[in-house]
Amino acid sequence: MTITRLSETKKGRFAVFADGEFLFSVHKDIFLARPELALGKNIPVELLEEIRLEDEAWSCKEKALTLLEYSSRSAGALAEKLRQHYPPETVEATIQRLTELGLLNDLDYGRRLAADLLHLRKYSLGRVRQALYQRKLDREVIDEIMEELEDTDQIGPIVELVQKKYLPKLREPQGRQKVAAALQRRGYGWDDIREALRQVAENDDEGDE
């Protein structure tokens, strides 16, 4: 095929035309690095496809970096987003490369997320696991994180949550049952709930003295 036209687009890319027909556009850096892309040049179809795929990989990587700059993500969540715009094989190669460069680290991401959910949002361990799963983390990564957290105190956060949010309800008729049910819906276990409510009641009684 013969390159018959090259034109810069409004987005700073270069549109490539061969034999009078538009083929694709490429990033400026790729265009400048490819002397084959010159007017009048005869270029094999296979080489054109190689250049197109190189640009596709470049674009996918740039999109991934933009998404990561906006918000931390797991490899799975990032791949899901990228697959809306790029073929699976291009996305897979991009994820692998970003992981190799240390720009994606699911274990570190999951640990930081779990810590925030536990300490800032007072999530139960059960809800933390569910949240990690929803962020598209691999089961092996989730299991490792949850194993590290298995000795995490759950009673203290329940006490704090009850005192902050549920104390008036706790004093209502059948309030204990309603509060316990609400805490169970948050993923806390019954044994932890019972002990936390005992401590809250004890503190409440001491405050009334």
# chains A, B, ... in the order shown; residues from 1 in each chain; ligands from 1
$ select_by_dssp --residues "segment 1-115 of chain A" --states "alpha helix (DSSP H)" --output "ChimeraX atom specification"
/A:28-33,45-70,75-82,88-100,106-115
$ residues_around --residues "segment 10-15 of chain A" --least-positions-apart "2" --cutoff "8 Å" --atoms "only C-alpha atoms" --output "VMD selection string"
chain A and resid 6 to 8 17 22 to 28 31
$ write_last_selection --atoms "N, CA and C atoms" --output "PDB file, in the first residue's frame"
ATOM      1  N   LEU A   6      -1.144  12.340   4.985  1.00  0.00           N
ATOM      2  CA  LEU A   6      -0.887  12.366   6.422  1.00  0.00           C
ATOM      3  C   LEU A   6      -1.376  13.711   6.939  1.00  0.00           C
ATOM      4  N   SER A   7      -2.226  13.695   7.948  1.00  0.00           N
ATOM      5  CA  SER A   7      -2.742  14.967   8.459  1.00  0.00           C
ATOM      6  C   SER A   7      -2.860  14.921   9.974  1.00  0.00           C
ATOM      7  N   GLU A   8      -2.515  16.041  10.614  1.00  0.00           N
ATOM      8  CA  GLU A   8      -2.609  16.122  12.068  1.00  0.00           C
ATOM      9  C   GLU A   8      -4.044  16.413  12.478  1.00  0.00           C
ATOM     10  N   PHE A  17      -3.489   7.885   5.699  1.00  0.00           N
ATOM     11  CA  PHE A  17      -4.288   7.460   4.552  1.00  0.00           C
ATOM     12  C   PHE A  17      -3.391   6.686   3.596  1.00  0.00           C
ATOM     13  N   PHE A  22      -8.676   6.360   4.447  1.00  0.00           N
ATOM     14  CA  PHE A  22      -8.219   6.501   5.824  1.00  0.00           C
ATOM     15  C   PHE A  22      -8.012   5.118   6.445  1.00  0.00           C
ATOM     16  N   LEU A  23      -6.859   4.936   7.102  1.00  0.00           N
ATOM     17  CA  LEU A  23      -6.567   3.659   7.761  1.00  0.00           C
ATOM     18  C   LEU A  23      -6.741   3.766   9.275  1.00  0.00           C
ATOM     19  N   PHE A  24      -6.004   4.672   9.902  1.00  0.00           N
ATOM     20  CA  PHE A  24      -6.054   4.857  11.352  1.00  0.00           C
ATOM     21  C   PHE A  24      -5.284   6.119  11.696  1.00  0.00           C
ATOM     22  N   SER A  25      -5.336   6.521  12.973  1.00  0.00           N
ATOM     23  CA  SER A  25      -4.512   7.638  13.433  1.00  0.00           C
ATOM     24  C   SER A  25      -3.560   7.122  14.497  1.00  0.00           C
ATOM     25  N   VAL A  26      -2.431   7.788  14.649  1.00  0.00           N
ATOM     26  CA  VAL A  26      -1.422   7.354  15.621  1.00  0.00           C
ATOM     27  C   VAL A  26      -0.978   8.537  16.473  1.00  0.00           C
ATOM     28  N   HIS A  27      -0.468   8.210  17.654  1.00  0.00           N
ATOM     29  CA  HIS A  27       0.077   9.223  18.554  1.00  0.00           C
ATOM     30  C   HIS A  27       1.281   9.893  17.892  1.00  0.00           C
ATOM     31  N   LYS A  28       1.491  11.164  18.214  1.00  0.00           N
ATOM     32  CA  LYS A  28       2.571  11.928  17.612  1.00  0.00           C
ATOM     33  C   LYS A  28       3.931  11.262  17.808  1.00  0.00           C
ATOM     34  N   PHE A  31       4.295   8.400  15.469  1.00  0.00           N
ATOM     35  CA  PHE A  31       4.450   8.911  14.102  1.00  0.00           C
ATOM     36  C   PHE A  31       5.883   9.364  13.851  1.00  0.00           C
TER      37      PHE A  31
END
$ residues_around --residues "Gly40 of chain A" --least-positions-apart "3" --cutoff "12 Å" --atoms "only C-alpha atoms" --output "compact mmCIF listing (two decimals) with C-alpha atoms, in the first residue's frame"
# COMPACT_ATOMS: atom_id res chain seq x y z
CA MET A 1 0.00 0.00 0.00
CA THR A 2 1.13 3.58 -0.66
CA ILE A 3 0.86 6.40 1.88
CA THR A 4 -1.16 9.06 0.08
CA ARG A 5 -1.98 11.49 2.88
CA LEU A 6 -0.89 12.37 6.42
CA VAL A 16 -2.79 7.93 8.01
CA PHE A 17 -4.29 7.46 4.55
CA ALA A 18 -3.14 4.79 2.09
CA ASP A 19 -4.31 4.42 -1.51
CA GLY A 20 -6.71 7.29 -0.88
CA PRO A 35 10.00 6.86 9.17
CA GLU A 36 7.90 4.39 7.20
CA LEU A 37 4.97 6.78 7.64
CA ILE A 43 4.35 -0.02 3.07
$ closest_residue --among "A:Leu67, A:Ile158, A:Leu137, A:Ala75" --to "Gly102 of chain A" --atoms "only C-alpha atoms"
A:Ala75
$ closest_residue --among "A:Ala196, A:Ala201, A:Leu183, A:Leu161" --to "Leu120 of chain A" --atoms "only C-alpha atoms"
A:Leu161
$ closest_residue --among "A:Ser72, A:Ser59, A:Thr152, A:Thr9" --to "His119 of chain A" --atoms "only C-alpha atoms"
A:Thr152
$ residues_around --residues "Leu132 of chain A" --least-positions-apart "4" --cutoff "8 Å" --atoms "only C-alpha atoms" --output "list in words"
Gly110, Leu113, Ala114, Val128, Lys136, Leu137 and Ile142 of chain A
$ write_last_selection --atoms "N, CA and C atoms" --output "compact mmCIF listing (two decimals), in the first residue's frame"
# COMPACT_ATOMS: atom_id res chain seq x y z
N GLY A 110 -5.14 -3.64 48.32
CA GLY A 110 -6.14 -4.29 49.16
C GLY A 110 -5.90 -4.05 50.63
N LEU A 113 -6.92 -0.43 51.40
CA LEU A 113 -8.38 -0.30 51.36
C LEU A 113 -9.00 -0.93 52.61
N ALA A 114 -8.54 -2.12 52.97
CA ALA A 114 -9.09 -2.81 54.14
C ALA A 114 -8.87 -1.98 55.41
N VAL A 128 -15.63 -6.02 54.91
CA VAL A 128 -14.34 -5.74 54.27
C VAL A 128 -14.08 -6.76 53.17
N LYS A 136 -12.79 -6.25 42.59
CA LYS A 136 -12.20 -7.16 41.59
C LYS A 136 -10.83 -7.70 41.97
N LEU A 137 -10.57 -7.84 43.26
CA LEU A 137 -9.33 -8.46 43.70
C LEU A 137 -9.44 -9.98 43.59
N ILE A 142 -7.41 -11.67 48.43
CA ILE A 142 -8.38 -11.39 49.49
C ILE A 142 -8.14 -12.30 50.69
$ select_by_dssp --residues "chain A" --states "strand (DSSP E or B)" --output "number ranges by chain"
A: 2-8, 14-18, 21-26, 42
$ closest_residue --among "A:Glu195, A:Glu54, A:Glu80, A:Asp116" --to "Arg135 of chain A" --atoms "only C-alpha atoms"
A:Glu80
$ atom_distance --atom1 "atom CA of Asp191 of chain A" --atom2 "atom CA of Leu118 of chain A"
18.3 Å
$ residues_around --residues "Leu117 of chain A" --least-positions-apart "4" --cutoff "12 Å" --atoms "only C-alpha atoms" --output "list of chain:residue names"
A:Gly110, A:Arg111, A:Arg112, A:Leu113, A:Arg121, A:Lys122, A:Tyr123, A:Ser124, A:Leu125, A:Gly126, A:Arg127, A:Val128, A:Arg129, A:Gln130, A:Ala131, A:Leu132, A:Pro157
$ write_last_selection --atoms "all heavy atoms" --output "tab-separated table (two decimals), in the first residue's frame"
chain	number	residue	atom	x	y	z
A	110	GLY	N	-5.14	-3.64	48.32
A	110	GLY	CA	-6.14	-4.29	49.16
A	110	GLY	C	-5.90	-4.05	50.63
A	110	GLY	O	-6.84	-3.82	51.41
A	111	ARG	N	-4.65	-4.08	51.05
A	111	ARG	CA	-4.32	-3.80	52.46
A	111	ARG	C	-4.71	-2.39	52.86
A	111	ARG	O	-5.27	-2.16	53.93
A	111	ARG	CB	-2.82	-4.02	52.69
A	111	ARG	CG	-2.39	-5.48	52.79
A	111	ARG	CD	-0.89	-5.59	52.75
A	111	ARG	NE	-0.44	-6.95	53.04
A	111	ARG	CZ	0.77	-7.40	52.73
A	111	ARG	NH1	1.66	-6.60	52.13
A	111	ARG	NH2	1.11	-8.64	53.03
A	112	ARG	N	-4.39	-1.42	52.01
A	112	ARG	CA	-4.72	-0.03	52.32
A	112	ARG	C	-6.23	0.18	52.35
A	112	ARG	O	-6.76	0.88	53.22
A	112	ARG	CB	-4.06	0.90	51.30
A	112	ARG	CG	-2.55	1.01	51.45
A	112	ARG	CD	-1.94	2.05	50.54
A	112	ARG	NE	-1.90	1.59	49.15
A	112	ARG	CZ	-2.66	2.07	48.19
A	112	ARG	NH1	-3.55	3.01	48.46
A	112	ARG	NH2	-2.55	1.63	46.95
A	113	LEU	N	-6.92	-0.43	51.40
A	113	LEU	CA	-8.38	-0.30	51.36
A	113	LEU	C	-9.00	-0.93	52.61
A	113	LEU	O	-9.90	-0.34	53.23
A	113	LEU	CB	-8.92	-0.97	50.10
A	113	LEU	CG	-10.44	-1.01	49.97
A	113	LEU	CD1	-11.02	0.40	49.95
A	113	LEU	CD2	-10.84	-1.78	48.72
A	121	ARG	N	-14.27	3.72	58.39
A	121	ARG	CA	-15.70	3.51	58.14
A	121	ARG	C	-16.32	2.46	59.06
A	121	ARG	O	-17.50	2.18	58.97
A	121	ARG	CB	-15.91	3.14	56.67
A	121	ARG	CG	-15.37	4.21	55.72
A	121	ARG	CD	-15.67	3.93	54.28
A	121	ARG	NE	-17.10	3.98	54.02
A	121	ARG	CZ	-17.63	3.82	52.80
A	121	ARG	NH1	-16.83	3.62	51.76
A	121	ARG	NH2	-18.93	3.87	52.62
A	122	LYS	N	-15.48	1.89	59.92
A	122	LYS	CA	-15.95	0.93	60.93
A	122	LYS	C	-16.65	-0.27	60.30
A	122	LYS	O	-17.65	-0.77	60.82
A	122	LYS	CB	-16.89	1.61	61.93
A	122	LYS	CG	-16.33	2.87	62.57
A	122	LYS	CD	-15.00	2.61	63.24
A	122	LYS	CE	-14.42	3.90	63.84
A	122	LYS	NZ	-13.06	3.69	64.39
A	123	TYR	N	-16.12	-0.76	59.20
A	123	TYR	CA	-16.68	-1.96	58.56
A	123	TYR	C	-16.34	-3.19	59.40
A	123	TYR	O	-15.30	-3.25	60.06
A	123	TYR	CB	-16.07	-2.15	57.17
A	123	TYR	CG	-16.80	-1.45	56.06
A	123	TYR	CD1	-17.50	-0.27	56.27
A	123	TYR	CD2	-16.78	-1.97	54.76
A	123	TYR	CE1	-18.15	0.37	55.23
A	123	TYR	CE2	-17.43	-1.33	53.72
A	123	TYR	CZ	-18.11	-0.16	53.96
A	123	TYR	OH	-18.76	0.47	52.93
A	124	SER	N	-17.23	-4.15	59.36
A	124	SER	CA	-16.92	-5.46	59.94
A	124	SER	C	-15.96	-6.19	59.00
A	124	SER	O	-15.81	-5.81	57.82
A	124	SER	CB	-18.20	-6.28	60.09
A	124	SER	OG	-18.73	-6.59	58.80
A	125	LEU	N	-15.33	-7.24	59.51
A	125	LEU	CA	-14.44	-8.02	58.66
A	125	LEU	C	-15.20	-8.63	57.49
A	125	LEU	O	-14.67	-8.75	56.38
A	125	LEU	CB	-13.76	-9.11	59.49
A	125	LEU	CG	-12.70	-8.62	60.48
A	125	LEU	CD1	-12.20	-9.79	61.33
A	125	LEU	CD2	-11.53	-7.96	59.76
A	126	GLY	N	-16.44	-9.02	57.74
A	126	GLY	CA	-17.26	-9.60	56.68
A	126	GLY	C	-17.51	-8.61	55.55
A	126	GLY	O	-17.43	-8.95	54.37
A	127	ARG	N	-17.79	-7.36	55.93
A	127	ARG	CA	-18.03	-6.34	54.91
A	127	ARG	C	-16.74	-5.94	54.20
A	127	ARG	O	-16.76	-5.58	53.02
A	127	ARG	CB	-18.67	-5.11	55.53
A	127	ARG	CG	-20.15	-5.27	55.82
A	127	ARG	CD	-20.81	-3.94	56.12
A	127	ARG	NE	-20.94	-3.11	54.94
A	127	ARG	CZ	-21.38	-1.84	54.96
A	127	ARG	NH1	-21.70	-1.29	56.12
A	127	ARG	NH2	-21.47	-1.15	53.85
A	128	VAL	N	-15.63	-6.02	54.91
A	128	VAL	CA	-14.34	-5.74	54.27
A	128	VAL	C	-14.08	-6.76	53.17
A	128	VAL	O	-13.69	-6.41	52.04
A	128	VAL	CB	-13.19	-5.76	55.30
A	128	VAL	CG1	-11.84	-5.76	54.59
A	128	VAL	CG2	-13.29	-4.57	56.24
A	129	ARG	N	-14.30	-8.03	53.48
A	129	ARG	CA	-14.11	-9.08	52.48
A	129	ARG	C	-15.00	-8.82	51.26
A	129	ARG	O	-14.56	-8.94	50.12
A	129	ARG	CB	-14.41	-10.47	53.07
A	129	ARG	CG	-14.32	-11.59	52.05
A	129	ARG	CD	-14.64	-12.94	52.66
A	129	ARG	NE	-13.56	-13.45	53.48
A	129	ARG	CZ	-12.51	-14.10	53.00
A	129	ARG	NH1	-12.40	-14.34	51.70
A	129	ARG	NH2	-11.58	-14.54	53.82
A	130	GLN	N	-16.25	-8.49	51.52
A	130	GLN	CA	-17.19	-8.23	50.43
A	130	GLN	C	-16.72	-7.04	49.58
A	130	GLN	O	-16.79	-7.08	48.34
A	130	GLN	CB	-18.57	-7.95	51.00
A	130	GLN	CG	-19.65	-7.74	49.93
A	130	GLN	CD	-21.00	-7.45	50.54
A	130	GLN	OE1	-21.09	-7.01	51.69
A	130	GLN	NE2	-22.06	-7.70	49.80
A	131	ALA	N	-16.23	-6.00	50.23
A	131	ALA	CA	-15.76	-4.82	49.51
A	131	ALA	C	-14.54	-5.15	48.65
A	131	ALA	O	-14.42	-4.66	47.52
A	131	ALA	CB	-15.42	-3.70	50.50
A	132	LEU	N	-13.64	-5.96	49.18
A	132	LEU	CA	-12.46	-6.36	48.40
A	132	LEU	C	-12.87	-7.16	47.17
A	132	LEU	O	-12.30	-6.99	46.09
A	132	LEU	CB	-11.51	-7.17	49.27
A	132	LEU	CG	-10.87	-6.44	50.46
A	132	LEU	CD1	-10.00	-7.39	51.26
A	132	LEU	CD2	-10.06	-5.24	49.99
A	157	PRO	N	-14.81	-1.32	67.71
A	157	PRO	CA	-15.54	-0.56	66.69
A	157	PRO	C	-17.05	-0.63	66.85
A	157	PRO	O	-17.75	0.34	66.57
A	157	PRO	CB	-15.09	-1.23	65.38
A	157	PRO	CG	-13.74	-1.76	65.68
A	157	PRO	CD	-13.81	-2.22	67.11
$ decode --residues "segment 116-208 of chain A" --atoms "C-alpha atoms" --output "PDB file, in the first residue's frame"
ATOM      1  CA  ASP A 116      -9.460   2.432  55.643  1.00  0.00           C
ATOM      2  CA  LEU A 117     -12.698   0.453  55.753  1.00  0.00           C
ATOM      3  CA  LEU A 118     -11.941  -0.963  59.180  1.00  0.00           C
ATOM      4  CA  HIS A 119     -10.642   2.117  60.940  1.00  0.00           C
ATOM      5  CA  LEU A 120     -12.361   5.002  59.180  1.00  0.00           C
ATOM      6  CA  ARG A 121     -15.699   3.514  58.140  1.00  0.00           C
ATOM      7  CA  LYS A 122     -15.950   0.930  60.934  1.00  0.00           C
ATOM      8  CA  TYR A 123     -16.676  -1.958  58.563  1.00  0.00           C
ATOM      9  CA  SER A 124     -16.916  -5.460  59.938  1.00  0.00           C
ATOM     10  CA  LEU A 125     -14.438  -8.022  58.656  1.00  0.00           C
ATOM     11  CA  GLY A 126     -17.255  -9.597  56.676  1.00  0.00           C
ATOM     12  CA  ARG A 127     -18.029  -6.339  54.914  1.00  0.00           C
ATOM     13  CA  VAL A 128     -14.340  -5.738  54.268  1.00  0.00           C
ATOM     14  CA  ARG A 129     -14.106  -9.083  52.477  1.00  0.00           C
ATOM     15  CA  GLN A 130     -17.189  -8.231  50.430  1.00  0.00           C
ATOM     16  CA  ALA A 131     -15.762  -4.816  49.510  1.00  0.00           C
ATOM     17  CA  LEU A 132     -12.460  -6.358  48.401  1.00  0.00           C
ATOM     18  CA  TYR A 133     -14.351  -8.797  46.220  1.00  0.00           C
ATOM     19  CA  GLN A 134     -16.362  -5.949  44.688  1.00  0.00           C
ATOM     20  CA  ARG A 135     -13.087  -4.170  43.825  1.00  0.00           C
ATOM     21  CA  LYS A 136     -12.205  -7.164  41.585  1.00  0.00           C
ATOM     22  CA  LEU A 137      -9.325  -8.461  43.698  1.00  0.00           C
ATOM     23  CA  ASP A 138      -8.330 -12.095  43.188  1.00  0.00           C
ATOM     24  CA  ARG A 139      -9.576 -14.561  45.784  1.00  0.00           C
ATOM     25  CA  GLU A 140      -5.998 -15.478  46.749  1.00  0.00           C
ATOM     26  CA  VAL A 141      -5.186 -11.822  47.479  1.00  0.00           C
ATOM     27  CA  ILE A 142      -8.385 -11.391  49.490  1.00  0.00           C
ATOM     28  CA  ASP A 143      -7.690 -14.529  51.514  1.00  0.00           C
ATOM     29  CA  GLU A 144      -4.168 -13.325  52.330  1.00  0.00           C
ATOM     30  CA  ILE A 145      -5.420  -9.922  53.479  1.00  0.00           C
ATOM     31  CA  MET A 146      -8.224 -11.380  55.568  1.00  0.00           C
ATOM     32  CA  GLU A 147      -5.833 -13.859  57.191  1.00  0.00           C
ATOM     33  CA  GLU A 148      -3.657 -10.920  58.256  1.00  0.00           C
ATOM     34  CA  LEU A 149      -6.735  -9.251  59.779  1.00  0.00           C
ATOM     35  CA  GLU A 150      -8.239 -12.266  61.527  1.00  0.00           C
ATOM     36  CA  ASP A 151      -7.149 -11.041  65.007  1.00  0.00           C
ATOM     37  CA  THR A 152      -8.490  -7.519  64.454  1.00  0.00           C
ATOM     38  CA  ASP A 153     -10.620  -6.278  67.344  1.00  0.00           C
ATOM     39  CA  GLN A 154     -14.261  -6.015  66.294  1.00  0.00           C
ATOM     40  CA  ILE A 155     -15.789  -5.265  69.686  1.00  0.00           C
ATOM     41  CA  GLY A 156     -14.205  -1.811  70.047  1.00  0.00           C
ATOM     42  CA  PRO A 157     -15.536  -0.562  66.690  1.00  0.00           C
ATOM     43  CA  ILE A 158     -19.014  -1.904  67.519  1.00  0.00           C
ATOM     44  CA  VAL A 159     -18.990  -0.081  70.867  1.00  0.00           C
ATOM     45  CA  GLU A 160     -17.905   3.124  69.145  1.00  0.00           C
ATOM     46  CA  LEU A 161     -20.530   2.697  66.432  1.00  0.00           C
ATOM     47  CA  VAL A 162     -23.327   2.067  68.928  1.00  0.00           C
ATOM     48  CA  GLN A 163     -22.354   5.045  71.070  1.00  0.00           C
ATOM     49  CA  LYS A 164     -22.179   7.293  68.036  1.00  0.00           C
ATOM     50  CA  LYS A 165     -25.219   6.118  66.080  1.00  0.00           C
ATOM     51  CA  TYR A 166     -27.457   3.700  67.959  1.00  0.00           C
ATOM     52  CA  LEU A 167     -27.479   4.776  71.605  1.00  0.00           C
ATOM     53  CA  PRO A 168     -30.920   6.498  71.519  1.00  0.00           C
ATOM     54  CA  LYS A 169     -32.443   3.493  69.748  1.00  0.00           C
ATOM     55  CA  LEU A 170     -30.847   1.159  72.259  1.00  0.00           C
ATOM     56  CA  ARG A 171     -32.892   2.818  75.015  1.00  0.00           C
ATOM     57  CA  GLU A 172     -36.189   2.258  73.185  1.00  0.00           C
ATOM     58  CA  PRO A 173     -38.489  -0.736  73.887  1.00  0.00           C
ATOM     59  CA  GLN A 174     -36.945  -3.774  72.163  1.00  0.00           C
ATOM     60  CA  GLY A 175     -34.103  -1.451  71.240  1.00  0.00           C
ATOM     61  CA  ARG A 176     -31.433  -4.037  71.981  1.00  0.00           C
ATOM     62  CA  GLN A 177     -32.884  -6.451  69.427  1.00  0.00           C
ATOM     63  CA  LYS A 178     -33.224  -3.727  66.790  1.00  0.00           C
ATOM     64  CA  VAL A 179     -29.671  -2.512  67.286  1.00  0.00           C
ATOM     65  CA  ALA A 180     -28.317  -6.052  67.238  1.00  0.00           C
ATOM     66  CA  ALA A 181     -30.159  -6.711  63.969  1.00  0.00           C
ATOM     67  CA  ALA A 182     -28.750  -3.524  62.448  1.00  0.00           C
ATOM     68  CA  LEU A 183     -25.231  -4.524  63.485  1.00  0.00           C
ATOM     69  CA  GLN A 184     -25.669  -8.002  62.034  1.00  0.00           C
ATOM     70  CA  ARG A 185     -26.683  -6.424  58.736  1.00  0.00           C
ATOM     71  CA  ARG A 186     -23.360  -4.602  58.838  1.00  0.00           C
ATOM     72  CA  GLY A 187     -21.658  -7.983  58.946  1.00  0.00           C
ATOM     73  CA  TYR A 188     -20.703  -8.204  62.624  1.00  0.00           C
ATOM     74  CA  GLY A 189     -20.931 -11.568  64.391  1.00  0.00           C
ATOM     75  CA  TRP A 190     -23.418 -12.177  67.172  1.00  0.00           C
ATOM     76  CA  ASP A 191     -20.802 -12.957  69.855  1.00  0.00           C
ATOM     77  CA  ASP A 192     -19.017  -9.658  69.195  1.00  0.00           C
ATOM     78  CA  ILE A 193     -22.310  -7.765  69.134  1.00  0.00           C
ATOM     79  CA  ARG A 194     -23.410  -9.259  72.456  1.00  0.00           C
ATOM     80  CA  GLU A 195     -20.137  -8.369  74.178  1.00  0.00           C
ATOM     81  CA  ALA A 196     -20.136  -4.859  72.703  1.00  0.00           C
ATOM     82  CA  LEU A 197     -23.718  -4.216  73.830  1.00  0.00           C
ATOM     83  CA  ARG A 198     -22.815  -5.476  77.303  1.00  0.00           C
ATOM     84  CA  GLN A 199     -19.958  -2.966  77.467  1.00  0.00           C
ATOM     85  CA  VAL A 200     -22.156  -0.155  76.188  1.00  0.00           C
ATOM     86  CA  ALA A 201     -24.837  -0.956  78.754  1.00  0.00           C
ATOM     87  CA  GLU A 202     -22.219  -1.090  81.505  1.00  0.00           C
ATOM     88  CA  ASN A 203     -20.794   2.281  80.517  1.00  0.00           C
ATOM     89  CA  ASP A 204     -24.297   3.725  80.233  1.00  0.00           C
ATOM     90  CA  ASP A 205     -25.172   2.532  83.726  1.00  0.00           C
ATOM     91  CA  GLU A 206     -21.986   4.036  85.143  1.00  0.00           C
ATOM     92  CA  GLY A 207     -22.799   7.331  83.454  1.00  0.00           C
ATOM     93  CA  ASP A 208     -26.236   7.425  85.127  1.00  0.00           C
TER      94      ASP A 208
END
